[in-house]
Amino acid sequence: MADYDEPISDTEKARIVSNFILHSPPGEFNEVFNDVRIILDNDKLLKGGAAESFSKHNKEQFVPARADGLEDACLVTEHGDIGGGRFLDPRSQKSFKFDHLRKEASEVQGASVDDGAESYRSALDKAWKNYVKEHFPDGSSTVYGKTSGGQKTLIACTEDHKFKPNNFCNGRWRSEWSLSFSGSGKADLKGIMRVQVHYYEDGNVQLVSSKEFHESISIEDETSTARSIVKIVEKAENEYQTGIQSNYETMSGTSFKALRRALPVTRTKLDWNKIANYKVAKEMKK
């Protein structure tokens, strides 16, 4: 049998804390951080051993960053990480430093973009921005472009969230779509859509869902290609969201209903203040 009195090493503590941080529900990073800080009671170990998890969490969650000098909110993602704690905003052609603990962007300065993919990237960015504005009330997006070995790659990321802590509910939408091509012809458009919702009033329920997608697309001029990509993405994301809603409604009458505690045979709630009047209480006294 394991000896549970054996002390946990600092390395193991840092690993456990990092795991908690990485799995923070949307909009609840600060609450989780404050809780593990109290449990760990060692700020030096927390910031030194778990600092990498702060960055990883923000990049995985597509946290939007805003700062003077940026045209719009820019998503913090692995695709825009240029090292030294700085991230690229291709739309503004600028970079910024991001504080992963405070979620603050600063030190905005000019940055170069990949000219080889810029014409396709900017065309897609324009179409993508309009699409996000139409379908996501508080959505943000960032489109990246790069070339390697004569091949162009476009990556479009979208984030939208609704945080309602007063109603004990937070949720986030994320999607990432990519396309690589070397010229006209066919290319494979790949995407992944993610939804995470946390409801925690008198309980703790999370919905975590994701779906991958791919479809062949014809590469034409910049504007036509951007229009084709957005059309496919719009259809796929609408179907995914509709499917989630349909499944949720079905679960509400089946799975969720099975989790609820059934009422007594009287079909009324038990009034614990009047327990003495119930027959079961009288039987227990015998």
# chains A, B, ... in the order shown; residues from 1 in each chain; ligands from 1
call {"tool": "closest_atom_pairs", "arguments": {"of": "region 52-171 of chain A", "to": "region 9-17 of chain A", "cutoff": "12 Å", "atoms": "only C-alpha atoms", "output": "tab-separated table"}}
result
residue	atom	partner	partner_atom	distance
A:Glu52	CA	A:Ala14	CA	10.4
A:Ser53	CA	A:Val17	CA	8.9
A:Phe54	CA	A:Val17	CA	10.7
call {"tool": "select_by_dssp", "arguments": {"residues": "region 16-238 of chain A", "states": "helix (DSSP H, G or I)", "output": "VMD selection string"}}
result
chain A and resid 16 to 22 29 to 40 43 to 49 51 to 60 78 to 80 115 to 135 165 to 167 222 to 238
call {"tool": "residues_around", "arguments": {"residues": "Pro90 (chain A)", "least_positions_apart": "6", "cutoff": "12 Å", "atoms": "only C-alpha atoms", "output": "PDB file with N, CA, C and O atoms, in the first residue's frame"}}
result
ATOM      1  N   LEU A  70      -2.869  48.569 -31.913  1.00  0.00           N
ATOM      2  CA  LEU A  70      -3.390  47.409 -32.633  1.00  0.00           C
ATOM      3  C   LEU A  70      -4.718  47.788 -33.260  1.00  0.00           C
ATOM      4  O   LEU A  70      -5.558  48.433 -32.627  1.00  0.00           O
ATOM      5  N   GLU A  71      -4.920  47.382 -34.502  1.00  0.00           N
ATOM      6  CA  GLU A  71      -6.138  47.746 -35.221  1.00  0.00           C
ATOM      7  C   GLU A  71      -7.374  47.177 -34.554  1.00  0.00           C
ATOM      8  O   GLU A  71      -8.396  47.856 -34.402  1.00  0.00           O
ATOM      9  N   ASP A  72      -7.309  45.910 -34.157  1.00  0.00           N
ATOM     10  CA  ASP A  72      -8.410  45.227 -33.473  1.00  0.00           C
ATOM     11  C   ASP A  72      -7.801  44.322 -32.415  1.00  0.00           C
ATOM     12  O   ASP A  72      -6.575  44.262 -32.254  1.00  0.00           O
ATOM     13  N   ALA A  73      -8.653  43.604 -31.701  1.00  0.00           N
ATOM     14  CA  ALA A  73      -8.148  42.604 -30.770  1.00  0.00           C
ATOM     15  C   ALA A  73      -7.401  41.531 -31.562  1.00  0.00           C
ATOM     16  O   ALA A  73      -7.858  41.102 -32.623  1.00  0.00           O
ATOM     17  N   CYS A  74      -6.255  41.127 -31.050  1.00  0.00           N
ATOM     18  CA  CYS A  74      -5.449  40.092 -31.700  1.00  0.00           C
ATOM     19  C   CYS A  74      -5.416  38.871 -30.801  1.00  0.00           C
ATOM     20  O   CYS A  74      -5.242  38.995 -29.579  1.00  0.00           O
ATOM     21  N   LEU A  75      -5.581  37.697 -31.379  1.00  0.00           N
ATOM     22  CA  LEU A  75      -5.583  36.479 -30.583  1.00  0.00           C
ATOM     23  C   LEU A  75      -4.158  36.057 -30.224  1.00  0.00           C
ATOM     24  O   LEU A  75      -3.252  36.123 -31.045  1.00  0.00           O
ATOM     25  N   VAL A  76      -4.014  35.612 -28.985  1.00  0.00           N
ATOM     26  CA  VAL A  76      -2.738  35.064 -28.519  1.00  0.00           C
ATOM     27  C   VAL A  76      -2.757  33.578 -28.850  1.00  0.00           C
ATOM     28  O   VAL A  76      -3.518  32.810 -28.257  1.00  0.00           O
ATOM     29  N   HIS A  79       0.643  30.260 -33.185  1.00  0.00           N
ATOM     30  CA  HIS A  79       1.028  30.669 -34.537  1.00  0.00           C
ATOM     31  C   HIS A  79       1.598  32.084 -34.561  1.00  0.00           C
ATOM     32  O   HIS A  79       2.350  32.426 -35.481  1.00  0.00           O
ATOM     33  N   GLY A  80       1.233  32.897 -33.579  1.00  0.00           N
ATOM     34  CA  GLY A  80       1.725  34.269 -33.547  1.00  0.00           C
ATOM     35  C   GLY A  80       2.863  34.474 -32.567  1.00  0.00           C
ATOM     36  O   GLY A  80       3.370  35.602 -32.436  1.00  0.00           O
ATOM     37  N   ASP A  81       3.278  33.411 -31.903  1.00  0.00           N
ATOM     38  CA  ASP A  81       4.359  33.507 -30.920  1.00  0.00           C
ATOM     39  C   ASP A  81       5.697  33.676 -31.645  1.00  0.00           C
ATOM     40  O   ASP A  81       6.155  32.773 -32.349  1.00  0.00           O
ATOM     41  N   ILE A  82       6.329  34.844 -31.468  1.00  0.00           N
ATOM     42  CA  ILE A  82       7.611  35.097 -32.142  1.00  0.00           C
ATOM     43  C   ILE A  82       8.775  35.090 -31.152  1.00  0.00           C
ATOM     44  O   ILE A  82       9.889  35.493 -31.486  1.00  0.00           O
ATOM     45  N   PHE A  96       3.517  42.702 -30.129  1.00  0.00           N
ATOM     46  CA  PHE A  96       3.287  43.230 -28.786  1.00  0.00           C
ATOM     47  C   PHE A  96       3.779  42.231 -27.745  1.00  0.00           C
ATOM     48  O   PHE A  96       3.883  41.029 -28.017  1.00  0.00           O
ATOM     49  N   GLY A 110       6.369  47.976 -34.607  1.00  0.00           N
ATOM     50  CA  GLY A 110       6.227  47.464 -35.960  1.00  0.00           C
ATOM     51  C   GLY A 110       6.846  46.088 -36.127  1.00  0.00           C
ATOM     52  O   GLY A 110       7.803  45.737 -35.438  1.00  0.00           O
ATOM     53  N   ALA A 111       6.280  45.308 -37.041  1.00  0.00           N
ATOM     54  CA  ALA A 111       6.795  43.953 -37.299  1.00  0.00           C
ATOM     55  C   ALA A 111       6.602  43.620 -38.762  1.00  0.00           C
ATOM     56  O   ALA A 111       5.692  44.125 -39.427  1.00  0.00           O
ATOM     57  N   SER A 112       7.464  42.776 -39.273  1.00  0.00           N
ATOM     58  CA  SER A 112       7.372  42.370 -40.679  1.00  0.00           C
ATOM     59  C   SER A 112       6.511  41.122 -40.808  1.00  0.00           C
ATOM     60  O   SER A 112       6.403  40.321 -39.875  1.00  0.00           O
ATOM     61  N   VAL A 113       5.877  40.968 -41.949  1.00  0.00           N
ATOM     62  CA  VAL A 113       5.074  39.782 -42.233  1.00  0.00           C
ATOM     63  C   VAL A 113       5.681  39.064 -43.433  1.00  0.00           C
ATOM     64  O   VAL A 113       6.537  39.604 -44.130  1.00  0.00           O
ATOM     65  N   ASP A 114       5.234  37.851 -43.677  1.00  0.00           N
ATOM     66  CA  ASP A 114       5.739  37.055 -44.792  1.00  0.00           C
ATOM     67  C   ASP A 114       5.132  37.565 -46.097  1.00  0.00           C
ATOM     68  O   ASP A 114       3.944  37.350 -46.371  1.00  0.00           O
ATOM     69  N   ASP A 115       5.927  38.257 -46.895  1.00  0.00           N
ATOM     70  CA  ASP A 115       5.422  38.842 -48.138  1.00  0.00           C
ATOM     71  C   ASP A 115       4.939  37.794 -49.126  1.00  0.00           C
ATOM     72  O   ASP A 115       4.051  38.056 -49.949  1.00  0.00           O
ATOM     73  N   ALA A 117       3.111  35.224 -48.680  1.00  0.00           N
ATOM     74  CA  ALA A 117       1.729  34.783 -48.480  1.00  0.00           C
ATOM     75  C   ALA A 117       0.793  35.948 -48.167  1.00  0.00           C
ATOM     76  O   ALA A 117      -0.410  35.737 -47.977  1.00  0.00           O
ATOM     77  N   GLU A 118       1.335  37.159 -48.123  1.00  0.00           N
ATOM     78  CA  GLU A 118       0.548  38.299 -47.633  1.00  0.00           C
ATOM     79  C   GLU A 118      -0.667  38.620 -48.482  1.00  0.00           C
ATOM     80  O   GLU A 118      -1.738  38.980 -47.951  1.00  0.00           O
ATOM     81  N   SER A 119      -0.572  38.503 -49.790  1.00  0.00           N
ATOM     82  CA  SER A 119      -1.727  38.846 -50.627  1.00  0.00           C
ATOM     83  C   SER A 119      -2.908  37.915 -50.350  1.00  0.00           C
ATOM     84  O   SER A 119      -4.059  38.368 -50.253  1.00  0.00           O
ATOM     85  N   ARG A 121      -3.213  36.105 -47.532  1.00  0.00           N
ATOM     86  CA  ARG A 121      -3.542  36.271 -46.114  1.00  0.00           C
ATOM     87  C   ARG A 121      -4.448  37.474 -45.892  1.00  0.00           C
ATOM     88  O   ARG A 121      -5.467  37.389 -45.194  1.00  0.00           O
ATOM     89  N   SER A 122      -4.099  38.604 -46.486  1.00  0.00           N
ATOM     90  CA  SER A 122      -4.883  39.826 -46.286  1.00  0.00           C
ATOM     91  C   SER A 122      -6.281  39.699 -46.891  1.00  0.00           C
ATOM     92  O   SER A 122      -7.260  40.199 -46.322  1.00  0.00           O
ATOM     93  N   LEU A 124      -7.997  36.866 -47.202  1.00  0.00           N
ATOM     94  CA  LEU A 124      -8.749  35.990 -46.310  1.00  0.00           C
ATOM     95  C   LEU A 124      -9.084  36.716 -45.007  1.00  0.00           C
ATOM     96  O   LEU A 124     -10.181  36.553 -44.467  1.00  0.00           O
ATOM     97  N   ASP A 125      -8.153  37.517 -44.507  1.00  0.00           N
ATOM     98  CA  ASP A 125      -8.386  38.251 -43.270  1.00  0.00           C
ATOM     99  C   ASP A 125      -9.585  39.182 -43.409  1.00  0.00           C
ATOM    100  O   ASP A 125     -10.424  39.288 -42.500  1.00  0.00           O
ATOM    101  N   LYS A 126      -9.683  39.856 -44.530  1.00  0.00           N
ATOM    102  CA  LYS A 126     -10.800  40.771 -44.771  1.00  0.00           C
ATOM    103  C   LYS A 126     -12.132  40.018 -44.802  1.00  0.00           C
ATOM    104  O   LYS A 126     -13.115  40.430 -44.161  1.00  0.00           O
ATOM    105  N   SER A 141     -10.741  37.585 -34.324  1.00  0.00           N
ATOM    106  CA  SER A 141     -10.085  36.653 -35.246  1.00  0.00           C
ATOM    107  C   SER A 141      -8.705  37.157 -35.616  1.00  0.00           C
ATOM    108  O   SER A 141      -8.433  38.359 -35.569  1.00  0.00           O
ATOM    109  N   THR A 142      -7.852  36.227 -35.975  1.00  0.00           N
ATOM    110  CA  THR A 142      -6.526  36.548 -36.480  1.00  0.00           C
ATOM    111  C   THR A 142      -6.196  35.549 -37.578  1.00  0.00           C
ATOM    112  O   THR A 142      -6.406  34.349 -37.411  1.00  0.00           O
ATOM    113  N   VAL A 143      -5.697  36.049 -38.701  1.00  0.00           N
ATOM    114  CA  VAL A 143      -5.329  35.194 -39.831  1.00  0.00           C
ATOM    115  C   VAL A 143      -3.826  35.320 -40.057  1.00  0.00           C
ATOM    116  O   VAL A 143      -3.301  36.425 -40.184  1.00  0.00           O
ATOM    117  N   TYR A 144      -3.151  34.178 -40.105  1.00  0.00           N
ATOM    118  CA  TYR A 144      -1.703  34.137 -40.298  1.00  0.00           C
ATOM    119  C   TYR A 144      -1.382  33.614 -41.691  1.00  0.00           C
ATOM    120  O   TYR A 144      -2.146  32.827 -42.260  1.00  0.00           O
ATOM    121  N   GLY A 145      -0.232  34.032 -42.204  1.00  0.00           N
ATOM    122  CA  GLY A 145       0.233  33.539 -43.492  1.00  0.00           C
ATOM    123  C   GLY A 145       1.736  33.340 -43.475  1.00  0.00           C
ATOM    124  O   GLY A 145       2.474  34.151 -42.907  1.00  0.00           O
ATOM    125  N   LYS A 146       2.202  32.262 -44.081  1.00  0.00           N
ATOM    126  CA  LYS A 146       3.646  32.000 -44.137  1.00  0.00           C
ATOM    127  C   LYS A 146       3.963  31.151 -45.360  1.00  0.00           C
ATOM    128  O   LYS A 146       3.084  30.492 -45.935  1.00  0.00           O
ATOM    129  N   LEU A 154      -2.025  29.241 -44.914  1.00  0.00           N
ATOM    130  CA  LEU A 154      -2.917  30.211 -44.265  1.00  0.00           C
ATOM    131  C   LEU A 154      -3.551  29.549 -43.055  1.00  0.00           C
ATOM    132  O   LEU A 154      -3.991  28.398 -43.133  1.00  0.00           O
ATOM    133  N   ILE A 155      -3.597  30.271 -41.944  1.00  0.00           N
ATOM    134  CA  ILE A 155      -4.201  29.762 -40.716  1.00  0.00           C
ATOM    135  C   ILE A 155      -5.130  30.831 -40.164  1.00  0.00           C
ATOM    136  O   ILE A 155      -4.693  31.960 -39.888  1.00  0.00           O
ATOM    137  N   ALA A 156      -6.407  30.510 -40.024  1.00  0.00           N
ATOM    138  CA  ALA A 156      -7.399  31.461 -39.527  1.00  0.00           C
ATOM    139  C   ALA A 156      -7.958  30.967 -38.190  1.00  0.00           C
ATOM    140  O   ALA A 156      -8.445  29.837 -38.090  1.00  0.00           O
TER     141      ALA A 156
END
call {"tool": "residues_around", "arguments": {"residues": "region 20-34 of chain A", "least_positions_apart": "5", "cutoff": "9 Å", "atoms": "only C-alpha atoms", "output": "ChimeraX atom specification"}}
result
/A:15,39,50,53-54,56-58,60-61,101-102,161-165,170-172,196-198,206
call {"tool": "write_last_selection", "arguments": {"atoms": "C-alpha atoms", "output": "PDB file, in the first residue's frame"}}
result
ATOM      1  CA  ARG A  15       3.284  19.577 -12.217  1.00  0.00           C
ATOM      2  CA  ILE A  39      -3.006  25.571  -1.545  1.00  0.00           C
ATOM      3  CA  ALA A  50       4.107  26.743 -13.344  1.00  0.00           C
ATOM      4  CA  SER A  53       1.396  26.713 -18.036  1.00  0.00           C
ATOM      5  CA  PHE A  54       0.153  30.337 -17.963  1.00  0.00           C
ATOM      6  CA  LYS A  56       0.242  27.507 -22.752  1.00  0.00           C
ATOM      7  CA  HIS A  57      -3.232  28.061 -21.335  1.00  0.00           C
ATOM      8  CA  ASN A  58      -3.609  31.481 -22.985  1.00  0.00           C
ATOM      9  CA  GLU A  60      -4.660  27.212 -26.282  1.00  0.00           C
ATOM     10  CA  GLN A  61      -7.650  29.366 -25.314  1.00  0.00           C
ATOM     11  CA  LEU A 101      -0.721  36.409 -15.765  1.00  0.00           C
ATOM     12  CA  ARG A 102      -2.396  39.806 -16.061  1.00  0.00           C
ATOM     13  CA  HIS A 161     -16.810  33.988 -25.344  1.00  0.00           C
ATOM     14  CA  LYS A 162     -19.594  34.793 -22.934  1.00  0.00           C
ATOM     15  CA  PHE A 163     -18.598  35.126 -19.296  1.00  0.00           C
ATOM     16  CA  LYS A 164     -21.473  35.459 -16.809  1.00  0.00           C
ATOM     17  CA  PRO A 165     -20.019  34.737 -13.357  1.00  0.00           C
ATOM     18  CA  ASN A 170     -18.967  30.823 -18.627  1.00  0.00           C
ATOM     19  CA  GLY A 171     -18.330  29.598 -22.141  1.00  0.00           C
ATOM     20  CA  ARG A 172     -15.950  29.944 -25.071  1.00  0.00           C
ATOM     21  CA  GLN A 196     -16.389  24.625 -23.732  1.00  0.00           C
ATOM     22  CA  VAL A 197     -19.066  25.695 -21.248  1.00  0.00           C
ATOM     23  CA  HIS A 198     -18.929  25.614 -17.449  1.00  0.00           C
ATOM     24  CA  GLN A 206     -18.928  21.163 -18.016  1.00  0.00           C
TER      25      GLN A 206
END
call {"tool": "residues_around", "arguments": {"residues": "Ser175 (chain A)", "least_positions_apart": "4", "cutoff": "10 Å", "atoms": "only C-alpha atoms", "output": "PyMOL selection string"}}
result
chain A and resi 62+141+156-160+191-195+210-212+233+237
call {"tool": "atom_distance", "arguments": {"atom1": "CA of Leu189 (chain A)", "atom2": "CA of Glu222 (chain A)"}}
result
15.2 Å
call {"tool": "residues_around", "arguments": {"residues": "Thr147 (chain A)", "least_positions_apart": "3", "cutoff": "8 Å", "atoms": "only C-alpha atoms", "output": "PDB file with all heavy atoms, in the first residue's frame"}}
result
ATOM      1  N   ASP A 114       5.234  37.851 -43.677  1.00  0.00           N
ATOM      2  CA  ASP A 114       5.739  37.055 -44.792  1.00  0.00           C
ATOM      3  C   ASP A 114       5.132  37.565 -46.097  1.00  0.00           C
ATOM      4  O   ASP A 114       3.944  37.350 -46.371  1.00  0.00           O
ATOM      5  CB  ASP A 114       5.378  35.581 -44.560  1.00  0.00           C
ATOM      6  CG  ASP A 114       6.107  34.649 -45.504  1.00  0.00           C
ATOM      7  OD1 ASP A 114       6.287  35.015 -46.673  1.00  0.00           O
ATOM      8  OD2 ASP A 114       6.511  33.557 -45.057  1.00  0.00           O
ATOM      9  N   GLY A 116       5.503  36.582 -49.062  1.00  0.00           N
ATOM     10  CA  GLY A 116       5.138  35.547 -50.012  1.00  0.00           C
ATOM     11  C   GLY A 116       3.692  35.094 -49.897  1.00  0.00           C
ATOM     12  O   GLY A 116       3.100  34.639 -50.881  1.00  0.00           O
ATOM     13  N   ALA A 117       3.111  35.224 -48.680  1.00  0.00           N
ATOM     14  CA  ALA A 117       1.729  34.783 -48.480  1.00  0.00           C
ATOM     15  C   ALA A 117       0.793  35.948 -48.167  1.00  0.00           C
ATOM     16  O   ALA A 117      -0.410  35.737 -47.977  1.00  0.00           O
ATOM     17  CB  ALA A 117       1.673  33.765 -47.336  1.00  0.00           C
ATOM     18  N   GLY A 150       8.384  27.091 -50.972  1.00  0.00           N
ATOM     19  CA  GLY A 150       7.522  27.424 -52.092  1.00  0.00           C
ATOM     20  C   GLY A 150       6.058  27.175 -51.837  1.00  0.00           C
ATOM     21  O   GLY A 150       5.222  27.390 -52.730  1.00  0.00           O
ATOM     22  N   GLN A 151       5.714  26.739 -50.647  1.00  0.00           N
ATOM     23  CA  GLN A 151       4.314  26.450 -50.309  1.00  0.00           C
ATOM     24  C   GLN A 151       3.765  27.510 -49.372  1.00  0.00           C
ATOM     25  O   GLN A 151       4.388  27.862 -48.368  1.00  0.00           O
ATOM     26  CB  GLN A 151       4.194  25.065 -49.669  1.00  0.00           C
ATOM     27  CG  GLN A 151       2.758  24.595 -49.493  1.00  0.00           C
ATOM     28  CD  GLN A 151       2.683  23.141 -49.036  1.00  0.00           C
ATOM     29  OE1 GLN A 151       3.212  22.789 -47.997  1.00  0.00           O
ATOM     30  NE2 GLN A 151       2.041  22.297 -49.839  1.00  0.00           N
ATOM     31  N   LYS A 152       2.598  28.010 -49.684  1.00  0.00           N
ATOM     32  CA  LYS A 152       1.928  29.000 -48.839  1.00  0.00           C
ATOM     33  C   LYS A 152       1.005  28.292 -47.851  1.00  0.00           C
ATOM     34  O   LYS A 152       0.338  27.319 -48.207  1.00  0.00           O
ATOM     35  CB  LYS A 152       1.107  29.973 -49.691  1.00  0.00           C
ATOM     36  CG  LYS A 152       1.901  30.787 -50.682  1.00  0.00           C
ATOM     37  CD  LYS A 152       0.978  31.695 -51.481  1.00  0.00           C
ATOM     38  CE  LYS A 152       1.744  32.563 -52.458  1.00  0.00           C
ATOM     39  NZ  LYS A 152       2.412  31.775 -53.526  1.00  0.00           N
ATOM     40  N   THR A 153       0.965  28.805 -46.622  1.00  0.00           N
ATOM     41  CA  THR A 153       0.068  28.268 -45.603  1.00  0.00           C
ATOM     42  C   THR A 153      -0.719  29.406 -44.974  1.00  0.00           C
ATOM     43  O   THR A 153      -0.140  30.415 -44.552  1.00  0.00           O
ATOM     44  CB  THR A 153       0.839  27.520 -44.500  1.00  0.00           C
ATOM     45  OG1 THR A 153       1.523  26.404 -45.077  1.00  0.00           O
ATOM     46  CG2 THR A 153      -0.108  27.013 -43.422  1.00  0.00           C
TER      47      THR A 153
END
call {"tool": "atom_distance", "arguments": {"atom1": "CA of Glu215 (chain A)", "atom2": "CA of Asp188 (chain A)"}}
result
5.7 Å
